[in-house]
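Only one structure is covered here, and it is reproduced in the block below.
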Amino acid sequence: MTGGQDGRPEVPGDGPRSAVVVNPAKVADLDEFRRTVDDTLTTAGWPAPRWFETTPDDPGRGQTEQAVRAGAEVVFACGGDGTVMSCVSGLVGTEVALAVLPQGTGNLLAANLGLSVDLPAALEVAVERGRRRLDVGAVGDQHFTVMAGMGFDAQMLADTSETTKARIGWPAYVMGAARNLRDRPMRVTIRIDDRPPLRRRARSVLVANVGRLQGGVRLLPEAEPDDGYLDVAVLTPRTLRHWLALGWAVVRRRDRVPRMEVHRGRRIEITSTRAQPRELDGDLIDPGRTLRAEVCPRALWLCVPQPQESPDLSVDAEGASERGEELIEEAHRE
């Protein structure tokens, strides 16, 4: 019997109403996956969730908004970064919580949760009802929970093979990065709130809500998801030696990272002299000369591992995974 957030035991049907927004292309056996999710939530005392499949024309936002109108209190996003990002856009400003059932190879938000592709942990995190209000970044009518970027990071994503990602996972991005290390920098003007503009020759400009990259690398250790600010990382390496020094400092978690400067603000506008590749939460958007981002403070309820107050959302994910395995086993026995 699973306890609720207030410590009371759950009874069948006492759990919140939920919906699953799933990208069917990311799930090998959708019928088996659906049975596991349905049975596990039912065993935990939740009503059976409603299911919505994404389409090429609508990768999740419309389905999420439909789920909210139907009365869902928790929406499970099941897919890659694009699915999660679309679900976030459908939930911003509502009281409905987002739970991530990671299935893609990227899953930047899942990486910051420490859940990777661990389905038992993801289900247990939702069932235990740990909730945290997070800031969300807005770029036009789209939203991001981890980071937006212009330049090298987006080009790396564009040059990473989907086949390679499916075969080896996040290390595929290293191969995509290697193809672009010697590209010329972009000339950018960066405006942060009402401060004087910064002019740089940069390889990449990242606007981050949470600081962990693919593979668990922590680029911005001071970035917190609910402080009302976005952190801006300006990367200015020009040679392979610069890249190696920058990467080594990040991996070693040095306080000072060469060829990277960090700023913080609520409104950020990046303008390049030429069109650049751009991305939101690891998903490519149309190239452009400008990237405007602003923070939406405390705009999203997210299901997180306990303790909920930790700045690092990956805290206690391993414990959630163990408890989730036990819950799934109980569901299978029933």
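By order in the structure tokens, chains are A, B, ...; within a chain, residues start at 1; ligands start at 1, following the order shown.
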
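DSSP on the backbone gives alpha helix (DSSP H) for these parts of stretch 17-81 of chain A: A:Leu30, A:Asp31, A:Glu32, A:Phe33, A:Arg34, A:Arg35, A:Thr36, A:Val37, A:Asp38, A:Asp39, A:Thr40, A:Leu41, A:Thr42, A:Thr43, A:Arg61, A:Gly62, A:Gln63, A:Thr64, A:Glu65, A:Gln66, A:Ala67, A:Val68, A:Arg69, A:Asp81.
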
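Distances from A:Arg133, A:Arg253, A:Lys26, A:Arg195 to A:Gly228 were compared using only C-alpha atoms, and the smallest one belongs to A:Arg133.
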
Quick one: everything within 10 Å of A:Pro287, counting only C-alpha atoms, minus sequence neighbours fewer than 3 positions away in the same chain. Send it as a PyMOL selection string.
chain A and resi 150-151+154-155+274-279+284+290-291

Dump as a Markdown table the rows for residues of stretch 140-232 of chain A within 10 Å of stretch 74-85 of chain A: closest atom pair and distance in Å with one decimal, only C-alpha atoms counted, ordered by chain and rising residue number.
| residue | atom | partner | partner_atom | distance |
| --- | --- | --- | --- | --- |
| A:Gln142 | CA | A:Met85 | CA | 8.0 |
| A:His143 | CA | A:Met85 | CA | 6.6 |
| A:Phe144 | CA | A:Met85 | CA | 6.1 |
| A:Thr145 | CA | A:Met85 | CA | 7.5 |
| A:Val146 | CA | A:Met85 | CA | 9.6 |

List as number ranges by chain the protein and nucleic acid residues near stretch 296-305 of chain A, meaning an atom at most 6 Å away when only C-alpha atoms are counted, but skip any in the same chain fewer than 3 places from it.
A: 92-93, 97-99, 125-126, 130-137, 228, 316-317

Any chance you could list, as a count of residues only, the residues in stretch 118-276 of chain A that come up strand (DSSP E) when DSSP is run on the backbone?
56

Return the single residue from A:Ala331, A:Ala158, A:Leu213, A:Ala19 that is closest to A:Ala67, with distances computed using only C-alpha atoms.
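Of A:Ala331, A:Ala158, A:Leu213, A:Ala19, the one nearest A:Ala67 is A:Ala19, counting only C-alpha atoms.
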
Can you list, as an MDAnalysis selection string, every protein, DNA or RNA residue that comes within 8 Å of A:Leu220 when you count only C-alpha atoms, leaving out same-chain residues fewer than 6 positions away?
chainID A and resid 210:212 231 233

Could you write out that same residue set with N, CA, C and O atoms as a CSV table (one decimal), in the first residue's frame?
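Resulting contents of selection-v8.csv:
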chain,number,residue,atom,x,y,z
A,210,VAL,N,18.3,24.8,-15.9
A,210,VAL,CA,18.9,23.7,-15.1
A,210,VAL,C,20.2,23.4,-15.8
A,210,VAL,O,20.3,23.5,-17.1
A,211,GLY,N,21.3,23.1,-15.1
A,211,GLY,CA,22.6,23.1,-15.6
A,211,GLY,C,23.2,21.8,-16.2
A,211,GLY,O,24.4,21.9,-16.6
A,212,ARG,N,22.5,20.7,-16.2
A,212,ARG,CA,23.2,19.5,-16.5
A,212,ARG,C,22.9,19.1,-18.0
A,212,ARG,O,21.8,19.3,-18.5
A,231,ASP,N,20.2,31.3,-16.5
A,231,ASP,CA,21.6,31.4,-16.5
A,231,ASP,C,22.1,31.4,-18.0
A,231,ASP,O,21.6,30.6,-18.8
A,233,ALA,N,25.3,31.0,-20.6
A,233,ALA,CA,26.7,30.6,-20.8
A,233,ALA,C,27.1,31.0,-22.2
A,233,ALA,O,26.5,30.6,-23.2

Determine, counting only C-alpha atoms, which protein, DNA and RNA residues have an atom within 10 Å of an atom of stretch 42-55 of chain A; residues of the same chain fewer than 4 positions away are not included. Present the result as a VMD selection string.
chain A and resid 1 to 4 9 to 25 34 36 to 38 59 to 64 66 to 67 70 72 74 to 79 83 86 123 to 124 127 to 128 327 to 328 330 to 332 334

Give me, as an MDAnalysis selection string, all polymer residues having an atom no more than 7 Å from A:Leu246, counting only C-alpha atoms and skipping those fewer than 3 positions away in the same chain.
chainID A and resid 242:243 249:250 257:259
